[in-house]
file structure-v2.txt (compact mmCIF, C-alpha atoms and all ligand atoms)
# COMPACT_ATOMS: atom_id res chain seq x y z
CA MET A 1 23.33 5.65 6.06
CA ALA A 2 20.68 5.99 3.36
CA THR A 3 18.58 9.14 3.48
CA ASP A 4 15.11 9.63 2.07
CA ARG A 5 16.72 11.19 -0.99
CA THR A 6 18.89 8.13 -1.68
CA PRO A 7 18.21 7.31 -5.34
CA ASP A 8 16.88 3.89 -6.27
CA ASN A 9 19.51 2.27 -8.48
CA ILE A 10 19.03 -1.31 -7.26
CA TYR A 11 18.39 -2.63 -10.78
CA ALA A 12 20.64 -0.19 -12.67
CA ASN A 13 23.40 -2.72 -13.41
CA PRO A 14 23.01 -6.17 -14.98
CA LEU A 15 22.40 -8.76 -12.24
CA GLU A 16 23.64 -12.32 -12.66
CA THR A 17 20.52 -13.72 -11.06
CA ILE A 18 17.39 -11.79 -10.32
CA VAL A 19 16.02 -12.83 -6.97
CA ASP A 20 12.41 -12.30 -5.87
CA PHE A 21 11.73 -8.77 -4.65
CA LYS A 22 11.87 -8.33 -0.84
CA PHE A 23 11.31 -5.34 1.44
CA ASP A 24 14.79 -5.73 2.95
CA ASP A 25 17.42 -3.22 4.13
CA GLN A 26 18.53 -2.46 0.57
CA VAL A 27 14.97 -1.65 -0.59
CA VAL A 28 14.11 0.27 2.58
CA GLY A 29 17.18 2.48 2.01
CA VAL A 30 15.81 3.73 -1.33
CA PHE A 31 12.09 3.11 -0.77
CA ALA A 32 10.93 6.75 -0.71
CA ASP A 33 12.57 7.43 -4.08
CA MET A 34 11.46 4.05 -5.49
CA ILE A 35 7.78 4.40 -4.65
CA ASN A 36 7.56 8.03 -5.78
CA ARG A 37 9.11 7.17 -9.17
CA SER A 38 7.24 3.86 -9.57
CA VAL A 39 3.66 4.52 -8.43
CA PRO A 40 1.88 7.09 -10.59
CA GLY A 41 0.19 9.69 -8.39
CA TYR A 42 1.72 8.35 -5.16
CA SER A 43 1.86 11.71 -3.36
CA THR A 44 -1.71 12.53 -4.45
CA ILE A 45 -2.89 9.13 -3.24
CA ILE A 46 -1.18 9.59 0.15
CA LYS A 47 -2.71 13.02 0.69
CA SER A 48 -6.14 11.80 -0.47
CA LEU A 49 -6.03 8.78 1.89
CA GLY A 50 -5.77 11.20 4.82
CA ILE A 51 -8.63 13.29 3.45
CA LEU A 52 -10.83 10.22 2.91
CA ALA A 53 -9.91 8.83 6.34
CA SER A 54 -11.05 12.13 7.89
CA GLN A 55 -14.51 11.57 6.36
CA TYR A 56 -14.96 8.09 7.85
CA ALA A 57 -12.99 8.08 11.11
CA GLN A 58 -15.28 7.71 14.11
CA PRO A 59 -14.64 8.89 17.67
CA ASP A 60 -13.23 6.18 20.00
CA SER A 61 -12.23 3.91 17.11
CA ARG A 62 -9.09 2.53 15.51
CA CYS A 63 -7.50 3.53 12.20
CA TYR A 64 -5.24 0.88 10.68
CA ASP A 65 -2.49 1.13 8.06
CA LEU A 66 -1.76 -2.44 6.90
CA GLY A 67 1.61 -2.79 5.15
CA CYS A 68 2.56 0.70 6.34
CA SER A 69 6.14 0.72 4.96
CA LEU A 70 7.60 4.10 6.04
CA GLY A 71 4.28 5.29 7.49
CA ALA A 72 3.29 7.77 4.76
CA ALA A 73 -0.44 6.90 4.89
CA THR A 74 -0.40 6.81 8.71
CA LEU A 75 1.14 10.29 8.82
CA SER A 76 -1.44 11.54 6.34
CA MET A 77 -4.25 10.14 8.52
CA ARG A 78 -2.66 11.71 11.60
CA GLN A 79 -2.65 15.09 9.89
CA GLN A 80 -6.25 14.94 8.64
CA VAL A 81 -8.24 12.96 11.22
CA SER A 82 -9.56 15.14 14.02
CA GLN A 83 -12.19 12.89 15.62
CA PRO A 84 -11.52 12.40 19.35
CA ASN A 85 -9.87 9.28 20.76
CA CYS A 86 -8.82 7.67 17.48
CA ARG A 87 -6.00 5.16 17.88
CA PHE A 88 -3.64 4.71 14.93
CA ILE A 89 -2.14 1.27 14.31
CA ALA A 90 0.50 0.75 11.62
CA ILE A 91 1.61 -2.79 10.77
CA ASP A 92 4.34 -4.18 8.53
CA ASN A 93 6.15 -7.51 8.52
CA SER A 94 9.47 -6.05 7.35
CA GLU A 95 11.63 -5.26 10.37
CA ALA A 96 13.77 -2.92 8.26
CA MET A 97 10.65 -0.95 7.24
CA ILE A 98 9.33 -0.78 10.79
CA ASN A 99 12.65 0.54 12.12
CA ARG A 100 12.76 3.27 9.48
CA CYS A 101 9.05 4.01 9.98
CA ARG A 102 9.67 4.54 13.71
CA GLU A 103 12.30 7.18 12.85
CA HIS A 104 9.82 8.93 10.52
CA LEU A 105 7.13 8.98 13.20
CA GLN A 106 9.63 10.38 15.73
CA VAL A 107 10.67 13.17 13.35
CA ALA A 108 6.98 14.01 12.81
CA ASN A 109 6.36 13.90 16.59
CA CYS A 110 3.74 11.19 16.08
CA ASP A 111 5.50 8.25 17.69
CA GLU A 112 3.39 8.35 20.85
CA GLN A 113 0.11 8.49 18.99
CA VAL A 114 0.81 5.54 16.68
CA GLU A 115 1.11 1.90 17.71
CA LEU A 116 3.70 0.41 15.40
CA ILE A 117 3.61 -3.37 15.02
CA CYS A 118 6.15 -5.58 13.26
CA GLY A 119 4.03 -8.54 12.22
CA ASP A 120 2.10 -10.31 9.50
CA ILE A 121 -1.22 -8.63 8.73
CA LEU A 122 -2.66 -12.11 8.24
CA ASP A 123 -2.21 -12.77 12.00
CA GLN A 124 -3.15 -9.40 13.50
CA ASN A 125 -6.44 -8.58 15.20
CA ILE A 126 -8.47 -5.89 13.50
CA ASP A 127 -11.10 -4.56 15.93
CA GLU A 128 -13.20 -1.47 16.50
CA ALA A 129 -11.94 -0.01 13.23
CA SER A 130 -13.47 2.93 11.41
CA VAL A 131 -10.67 3.19 8.80
CA VAL A 132 -8.46 0.47 7.33
CA ILE A 133 -5.89 1.43 4.69
CA MET A 134 -4.12 -1.08 2.46
CA ASN A 135 -2.09 1.08 0.10
CA PHE A 136 -0.47 -1.31 -2.42
CA THR A 137 -0.20 -4.13 0.14
CA LEU A 138 -2.91 -6.67 -0.81
CA GLN A 139 -1.11 -7.31 -4.12
CA PHE A 140 1.77 -8.86 -2.12
CA ILE A 141 -0.53 -11.30 -0.25
CA ALA A 142 -0.92 -14.78 -1.78
CA PRO A 143 -4.12 -14.64 -3.89
CA GLU A 144 -5.71 -17.60 -2.06
CA LEU A 145 -5.39 -15.73 1.27
CA ARG A 146 -6.84 -12.41 0.12
CA GLU A 147 -10.52 -13.22 0.68
CA GLN A 148 -10.06 -14.33 4.28
CA LEU A 149 -8.02 -11.19 5.03
CA LEU A 150 -10.77 -9.01 3.56
CA GLN A 151 -13.38 -10.91 5.58
CA ARG A 152 -11.44 -10.20 8.78
CA ILE A 153 -11.14 -6.53 7.85
CA TYR A 154 -14.87 -6.36 7.15
CA GLN A 155 -15.65 -8.01 10.49
CA GLY A 156 -13.29 -5.65 12.32
CA LEU A 157 -14.85 -2.52 10.81
CA LYS A 158 -17.66 -0.63 12.53
CA PRO A 159 -20.81 0.07 10.49
CA GLY A 160 -20.08 3.07 8.27
CA GLY A 161 -16.33 2.35 8.38
CA VAL A 162 -14.16 2.32 5.28
CA LEU A 163 -11.47 0.17 3.69
CA LEU A 164 -9.22 2.27 1.43
CA LEU A 165 -7.62 -0.19 -0.99
CA SER A 166 -4.99 0.77 -3.58
CA GLU A 167 -3.66 -1.81 -6.03
CA LYS A 168 -1.81 -2.31 -9.28
CA ILE A 169 -4.32 -4.00 -11.59
CA ARG A 170 -4.35 -6.03 -14.79
CA ILE A 171 -6.97 -6.16 -17.51
CA ASP A 172 -8.42 -9.40 -18.90
CA ASP A 173 -8.25 -8.19 -22.49
CA ALA A 174 -4.61 -8.76 -23.52
CA GLU A 175 -4.43 -5.76 -25.86
CA SER A 176 -5.81 -3.31 -23.30
CA ASP A 177 -3.58 -4.82 -20.62
CA GLN A 178 -0.50 -4.33 -22.81
CA GLN A 179 -1.53 -0.75 -23.54
CA LEU A 180 -1.69 0.15 -19.85
CA ILE A 181 1.64 -1.59 -19.23
CA ASP A 182 3.24 0.35 -22.13
CA TRP A 183 1.91 3.65 -20.78
CA TYR A 184 3.15 2.72 -17.31
CA HIS A 185 6.63 1.86 -18.61
CA GLN A 186 6.74 5.22 -20.37
CA PHE A 187 5.93 6.82 -16.99
CA LYS A 188 8.91 4.95 -15.47
CA ARG A 189 11.22 6.05 -18.31
CA ALA A 190 10.07 9.63 -17.80
CA ASN A 191 11.08 9.22 -14.14
CA GLY A 192 14.60 8.22 -15.12
CA TYR A 193 14.44 4.41 -15.06
CA SER A 194 16.35 2.66 -17.87
CA GLU A 195 15.08 -0.28 -19.95
CA LEU A 196 17.38 -2.55 -17.91
CA GLU A 197 15.99 -1.27 -14.60
CA ILE A 198 12.40 -1.66 -15.81
CA SER A 199 12.93 -5.20 -17.06
CA GLN A 200 15.00 -6.46 -14.09
CA LYS A 201 12.52 -5.00 -11.58
CA ARG A 202 9.62 -6.57 -13.51
CA SER A 203 11.31 -9.99 -13.29
CA ALA A 204 11.99 -9.53 -9.55
CA LEU A 205 8.31 -8.71 -8.92
CA GLU A 206 6.82 -11.33 -11.23
CA LYS A 207 6.13 -14.00 -8.59
CA VAL A 208 5.72 -11.60 -5.69
CA LEU A 209 3.29 -8.90 -6.84
CA ILE A 210 0.22 -10.61 -8.31
CA PRO A 211 -2.20 -8.06 -9.78
CA GLU A 212 -5.89 -8.82 -10.26
CA THR A 213 -8.56 -7.11 -12.33
CA LEU A 214 -10.66 -4.25 -11.00
CA GLU A 215 -13.74 -6.48 -11.41
CA ALA A 216 -12.15 -9.26 -9.30
CA HIS A 217 -11.47 -6.74 -6.50
CA GLN A 218 -14.99 -5.31 -6.69
CA GLN A 219 -16.66 -8.74 -6.70
CA ARG A 220 -14.63 -9.99 -3.74
CA LEU A 221 -15.29 -6.82 -1.73
CA GLN A 222 -19.01 -7.17 -2.46
CA GLY A 223 -18.85 -10.87 -1.59
CA VAL A 224 -17.43 -10.22 1.87
CA GLY A 225 -20.24 -7.70 2.52
CA PHE A 226 -19.10 -4.16 1.62
CA LYS A 227 -22.21 -2.28 0.58
CA GLN A 228 -20.65 0.53 -1.46
CA ILE A 229 -17.45 0.28 -3.48
CA GLN A 230 -16.33 3.58 -4.92
CA PRO A 231 -13.31 3.80 -7.23
CA TRP A 232 -11.73 7.21 -6.55
CA PHE A 233 -8.36 7.06 -8.33
CA GLN A 234 -6.85 5.56 -11.46
CA CYS A 235 -3.64 6.38 -13.29
CA PHE A 236 -2.49 3.82 -15.87
CA ASN A 237 -2.74 0.43 -14.13
CA PHE A 238 -2.88 1.78 -10.57
CA ILE A 239 -6.22 2.24 -8.83
CA SER A 240 -7.66 3.02 -5.45
CA LEU A 241 -11.10 2.12 -4.07
CA ALA A 242 -13.10 3.16 -1.03
CA ALA A 243 -15.18 0.20 0.25
CA ILE A 244 -17.76 1.24 2.81
CA LYS A 245 -19.39 -1.12 5.35
C1 LIG B 1 4.27 -1.38 -1.63
S1 LIG B 1 4.58 -1.43 0.04
C2 LIG B 1 3.23 -0.45 0.71
C3 LIG B 1 3.40 1.02 0.62
C4 LIG B 1 2.83 1.78 1.79
N1 LIG B 1 1.52 1.30 2.17
C5 LIG B 1 2.76 3.26 1.49
O1 LIG B 1 1.66 3.80 1.42
O2 LIG B 1 3.83 3.87 1.32
C6 LIG B 1 4.05 -2.99 0.62
C7 LIG B 1 4.35 -3.16 2.10
O3 LIG B 1 3.59 -4.26 2.57
C8 LIG B 1 4.39 -4.98 3.48
N2 LIG B 1 3.85 -6.35 3.54
C9 LIG B 1 3.78 -7.26 2.54
N3 LIG B 1 3.19 -8.40 2.98
C10 LIG B 1 2.90 -8.18 4.29
C11 LIG B 1 2.29 -8.98 5.31
N4 LIG B 1 1.88 -10.23 5.06
N5 LIG B 1 2.15 -8.47 6.54
C12 LIG B 1 2.58 -7.19 6.80
N6 LIG B 1 3.15 -6.39 5.88
C13 LIG B 1 3.31 -6.88 4.63
C14 LIG B 1 5.80 -4.90 2.90
O4 LIG B 1 6.80 -5.15 3.88
C15 LIG B 1 5.80 -3.46 2.39
O5 LIG B 1 6.33 -2.57 3.34
call {"tool": "encode", "arguments": {"input": "structure-v2.txt", "output": "structure tokens"}}
result
Amino acid sequence: MATDRTPDNIYANPLETIVDFKFDDQVVGVFADMINRSVPGYSTIIKSLGILASQYAQPDSRCYDLGCSLGAATLSMRQQVSQPNCRFIAIDNSEAMINRCREHLQVANCDEQVELICGDILDQNIDEASVVIMNFTLQFIAPELREQLLQRIYQGLKPGGVLLLSEKIRIDDAESDQQLIDWYHQFKRANGYSELEISQKRSALEKVLIPETLEAHQQRLQGVGFKQIQPWFQCFNFISLAAIK
């Protein structure tokens, strides 16, 4: 059985065909290593999401983690949020992720405080929320469906509630975009990924992870009604925003 220290070597050998990236059993088995070596500042982001959630959580409200994977952001919220009667709801549509997430919550003694749902975030009710986290999840939603999801999140948030949105971004200017990508690839090399791993993973993600510009995110968040949009993190082409209702 894979442990959380199982190294990610999914793309280490030449693959005959590179299939679209999926959050399946193979990925779940190495996910902790993969995300820590692939997302610059991941552990800082996770800790900060809990800290930010603690500033916006309201008593008797719900705190959502959409696309929760192994539950890292949920656990961070659980540690930091102290407002009374907050319910924590973590949703992912990968059964393999949800099963592993349940084990993590059990180990952390949080399984009774978190409602874990295996389902598509496009179909789930979001109600009475004071905090909604989407930590590198929106980028996997088809671009034409993103606005309606954000509208539903906005409607489900209480006044003063927050959406914490982290995304990989692109830049319209080709030269600047390439510069950020080059810096990011250097970060991956420094974390032990080979040229083959970087290029095969990039091909696998090409049609699945569709990054947008920071301006596109800000405009859409404004368009659905968020009154303050505060960027709070950037490292290379990875950003995180706090959008306040
Ligand atoms: C990059 S991972 C998110 C990382 C995670 N939020 C964290 O902080 O560690 C993206 C996750 O979103 C989930 N996902 C993608 N599309 C989804 C959808 N339509 N509904 C629910 N989950 C989805 C994937 O299964 C995957 O676990």
call {"tool": "closest_residue", "arguments": {"input": "structure-v2.txt", "among": "A:Cys110, A:Leu116, A:Val132, A:Gly225", "to": "Leu49 of chain A", "atoms": "only C-alpha atoms"}}
result
A:Val132
call {"tool": "atom_distance", "arguments": {"input": "structure-v2.txt", "atom1": "atom CA of Asp8 of chain A", "atom2": "atom CA of Gly119 of chain A"}}
result
25.7 Å
call {"tool": "closest_atom_pairs", "arguments": {"input": "structure-v2.txt", "of": "chain A", "to": "ligand LIG 1 (chain B)", "cutoff": "7 Å", "atoms": "only C-alpha atoms and all ligand atoms", "output": "CSV"}}
result
residue,atom,partner,partner_atom,distance
A:Phe23,CA,B:LIG1,O4,5.1
A:Ile46,CA,B:LIG1,O1,6.6
A:Leu66,CA,B:LIG1,N6,6.4
A:Gly67,CA,B:LIG1,O3,3.6
A:Cys68,CA,B:LIG1,N1,4.3
A:Ser69,CA,B:LIG1,O5,3.7
A:Leu70,CA,B:LIG1,O2,6.0
A:Gly71,CA,B:LIG1,O2,6.3
A:Ala72,CA,B:LIG1,O2,5.2
A:Ala73,CA,B:LIG1,O1,5.1
A:Ile91,CA,B:LIG1,C12,6.0
A:Asp92,CA,B:LIG1,N6,3.7
A:Asn93,CA,B:LIG1,C12,4.0
A:Ser94,CA,B:LIG1,O4,4.5
A:Met97,CA,B:LIG1,O5,6.0
A:Gly119,CA,B:LIG1,C12,5.8
A:Asp120,CA,B:LIG1,N5,3.5
A:Ile121,CA,B:LIG1,N5,4.0
A:Leu122,CA,B:LIG1,N4,5.9
A:Met134,CA,B:LIG1,N1,6.1
A:Asn135,CA,B:LIG1,N1,4.2
A:Phe136,CA,B:LIG1,C1,4.8
A:Thr137,CA,B:LIG1,C6,4.4
A:Phe140,CA,B:LIG1,N3,5.3
A:Ile141,CA,B:LIG1,N3,5.7
call {"tool": "atom_distance", "arguments": {"input": "structure-v2.txt", "atom1": "atom CA of Arg152 of chain A", "atom2": "atom CA of Asp65 of chain A"}}
result
14.5 Å
call {"tool": "residues_near_point", "arguments": {"input": "structure-v2.txt", "point": "(-20.0, -2.7, -1.5)", "cutoff": "8 Å", "atoms": "all atoms listed in the file", "output": "PyMOL selection string"}}
result
chain A and resi 218+221-222+225-229+243-245
call {"tool": "closest_residue", "arguments": {"input": "structure-v2.txt", "among": "A:Ser240, A:Thr213, A:Gln79, A:Gln234", "to": "Leu165 of chain A", "atoms": "only C-alpha atoms"}}
result
A:Ser240
call {"tool": "closest_residue", "arguments": {"input": "structure-v2.txt", "among": "A:Trp232, A:Phe238, A:Phe88, A:Phe187", "to": "Arg37 of chain A", "atoms": "only C-alpha atoms"}}
result
A:Phe187
call {"tool": "atom_distance", "arguments": {"input": "structure-v2.txt", "atom1": "atom CA of Arg78 of chain A", "atom2": "atom CA of Val107 of chain A"}}
result
13.5 Å
call {"tool": "closest_residue", "arguments": {"input": "structure-v2.txt", "among": "A:Tyr184, A:Phe236, A:Tyr56, A:Phe31", "to": "Ser130 of chain A", "atoms": "all atoms listed in the file"}}
result
A:Tyr56
call {"tool": "closest_residue", "arguments": {"input": "structure-v2.txt", "among": "A:Gly29, A:Gly223, A:Pro59, A:Pro14", "to": "Gln151 of chain A", "atoms": "only C-alpha atoms"}}
result
A:Gly223
call {"tool": "residues_near_point", "arguments": {"input": "structure-v2.txt", "point": "(-0.5, 14.3, 3.6)", "cutoff": "12 Å", "atoms": "only C-alpha atoms", "output": "PyMOL selection string"}}
result
chain A and resi 42-54+71-81+108
call {"tool": "residues_around", "arguments": {"input": "structure-v2.txt", "residues": "segment 176-181 of chain A", "least_positions_apart": "4", "cutoff": "12 Å", "atoms": "all atoms listed in the file", "output": "list in words"}}
result
Lys168, Ile169, Arg170, Ile171, Asp172, His185, Gln186, Phe187, Lys188, Ile198, Arg202, Pro211, Glu212, Thr213, Leu214, Gln234, Cys235, Phe236, Asn237 and Phe238 of chain A
call {"tool": "closest_residue", "arguments": {"input": "structure-v2.txt", "among": "A:Ile153, A:Val28, A:Leu105, A:Val208", "to": "Asp123 of chain A", "atoms": "all atoms listed in the file"}}
result
A:Ile153
call {"tool": "build_atoms", "arguments": {"input": "structure-v2.txt", "residues": "segment 72-96 of chain A", "atoms": "N, CA and C atoms", "output": "PDB file, in the coordinates of the input"}}
result
ATOM      1  N   ALA A  72       3.806   6.575   5.464  1.00  0.00           N
ATOM      2  CA  ALA A  72       3.290   7.770   4.760  1.00  0.00           C
ATOM      3  C   ALA A  72       1.776   7.912   4.931  1.00  0.00           C
ATOM      4  N   ALA A  73       1.031   6.806   4.784  1.00  0.00           N
ATOM      5  CA  ALA A  73      -0.440   6.900   4.890  1.00  0.00           C
ATOM      6  C   ALA A  73      -0.847   7.148   6.345  1.00  0.00           C
ATOM      7  N   THR A  74      -0.116   6.568   7.279  1.00  0.00           N
ATOM      8  CA  THR A  74      -0.400   6.810   8.710  1.00  0.00           C
ATOM      9  C   THR A  74      -0.226   8.293   9.031  1.00  0.00           C
ATOM     10  N   LEU A  75       0.882   8.866   8.539  1.00  0.00           N
ATOM     11  CA  LEU A  75       1.140  10.290   8.820  1.00  0.00           C
ATOM     12  C   LEU A  75       0.063  11.168   8.184  1.00  0.00           C
ATOM     13  N   SER A  76      -0.389  10.773   6.996  1.00  0.00           N
ATOM     14  CA  SER A  76      -1.440  11.540   6.340  1.00  0.00           C
ATOM     15  C   SER A  76      -2.740  11.467   7.152  1.00  0.00           C
ATOM     16  N   MET A  77      -3.060  10.265   7.652  1.00  0.00           N
ATOM     17  CA  MET A  77      -4.250  10.140   8.520  1.00  0.00           C
ATOM     18  C   MET A  77      -4.095  11.005   9.767  1.00  0.00           C
ATOM     19  N   ARG A  78      -2.895  10.941  10.369  1.00  0.00           N
ATOM     20  CA  ARG A  78      -2.660  11.710  11.600  1.00  0.00           C
ATOM     21  C   ARG A  78      -2.885  13.209  11.375  1.00  0.00           C
ATOM     22  N   GLN A  79      -2.481  13.660  10.178  1.00  0.00           N
ATOM     23  CA  GLN A  79      -2.650  15.090   9.890  1.00  0.00           C
ATOM     24  C   GLN A  79      -4.111  15.472   9.693  1.00  0.00           C
ATOM     25  N   GLN A  80      -4.887  14.569   9.084  1.00  0.00           N
ATOM     26  CA  GLN A  80      -6.250  14.940   8.640  1.00  0.00           C
ATOM     27  C   GLN A  80      -7.347  14.549   9.622  1.00  0.00           C
ATOM     28  N   VAL A  81      -7.146  13.471  10.376  1.00  0.00           N
ATOM     29  CA  VAL A  81      -8.240  12.960  11.220  1.00  0.00           C
ATOM     30  C   VAL A  81      -8.294  13.768  12.515  1.00  0.00           C
ATOM     31  N   SER A  82      -9.464  14.325  12.803  1.00  0.00           N
ATOM     32  CA  SER A  82      -9.560  15.140  14.020  1.00  0.00           C
ATOM     33  C   SER A  82     -10.595  14.601  15.015  1.00  0.00           C
ATOM     34  N   GLN A  83     -11.206  13.456  14.704  1.00  0.00           N
ATOM     35  CA  GLN A  83     -12.190  12.890  15.620  1.00  0.00           C
ATOM     36  C   GLN A  83     -11.503  12.488  16.931  1.00  0.00           C
ATOM     37  N   PRO A  84     -12.191  12.676  18.067  1.00  0.00           N
ATOM     38  CA  PRO A  84     -11.520  12.400  19.350  1.00  0.00           C
ATOM     39  C   PRO A  84     -11.285  10.914  19.599  1.00  0.00           C
ATOM     40  N   ASN A  85     -10.199  10.644  20.313  1.00  0.00           N
ATOM     41  CA  ASN A  85      -9.870   9.280  20.760  1.00  0.00           C
ATOM     42  C   ASN A  85      -9.737   8.258  19.645  1.00  0.00           C
ATOM     43  N   CYS A  86      -9.136   8.661  18.528  1.00  0.00           N
ATOM     44  CA  CYS A  86      -8.820   7.670  17.480  1.00  0.00           C
ATOM     45  C   CYS A  86      -7.440   7.103  17.800  1.00  0.00           C
ATOM     46  N   ARG A  87      -7.324   5.788  17.716  1.00  0.00           N
ATOM     47  CA  ARG A  87      -6.000   5.160  17.880  1.00  0.00           C
ATOM     48  C   ARG A  87      -5.495   4.763  16.511  1.00  0.00           C
ATOM     49  N   PHE A  88      -4.216   5.005  16.252  1.00  0.00           N
ATOM     50  CA  PHE A  88      -3.640   4.710  14.930  1.00  0.00           C
ATOM     51  C   PHE A  88      -2.717   3.498  15.075  1.00  0.00           C
ATOM     52  N   ILE A  89      -2.926   2.507  14.226  1.00  0.00           N
ATOM     53  CA  ILE A  89      -2.140   1.270  14.310  1.00  0.00           C
ATOM     54  C   ILE A  89      -1.530   1.000  12.941  1.00  0.00           C
ATOM     55  N   ALA A  90      -0.212   0.957  12.883  1.00  0.00           N
ATOM     56  CA  ALA A  90       0.500   0.750  11.620  1.00  0.00           C
ATOM     57  C   ALA A  90       1.264  -0.571  11.708  1.00  0.00           C
ATOM     58  N   ILE A  91       1.044  -1.428  10.715  1.00  0.00           N
ATOM     59  CA  ILE A  91       1.610  -2.790  10.770  1.00  0.00           C
ATOM     60  C   ILE A  91       2.394  -3.090   9.498  1.00  0.00           C
ATOM     61  N   ASP A  92       3.554  -3.709   9.675  1.00  0.00           N
ATOM     62  CA  ASP A  92       4.340  -4.180   8.530  1.00  0.00           C
ATOM     63  C   ASP A  92       5.152  -5.390   8.989  1.00  0.00           C
ATOM     64  N   ASN A  93       5.378  -6.340   8.096  1.00  0.00           N
ATOM     65  CA  ASN A  93       6.150  -7.510   8.520  1.00  0.00           C
ATOM     66  C   ASN A  93       7.637  -7.406   8.154  1.00  0.00           C
ATOM     67  N   SER A  94       8.053  -6.248   7.622  1.00  0.00           N
ATOM     68  CA  SER A  94       9.470  -6.050   7.350  1.00  0.00           C
ATOM     69  C   SER A  94      10.087  -5.266   8.514  1.00  0.00           C
ATOM     70  N   GLU A  95      11.016  -5.919   9.216  1.00  0.00           N
ATOM     71  CA  GLU A  95      11.630  -5.260  10.370  1.00  0.00           C
ATOM     72  C   GLU A  95      12.369  -3.988   9.943  1.00  0.00           C
ATOM     73  N   ALA A  96      13.021  -4.084   8.760  1.00  0.00           N
ATOM     74  CA  ALA A  96      13.770  -2.920   8.260  1.00  0.00           C
ATOM     75  C   ALA A  96      12.819  -1.743   8.029  1.00  0.00           C
TER      76      ALA A  96
END
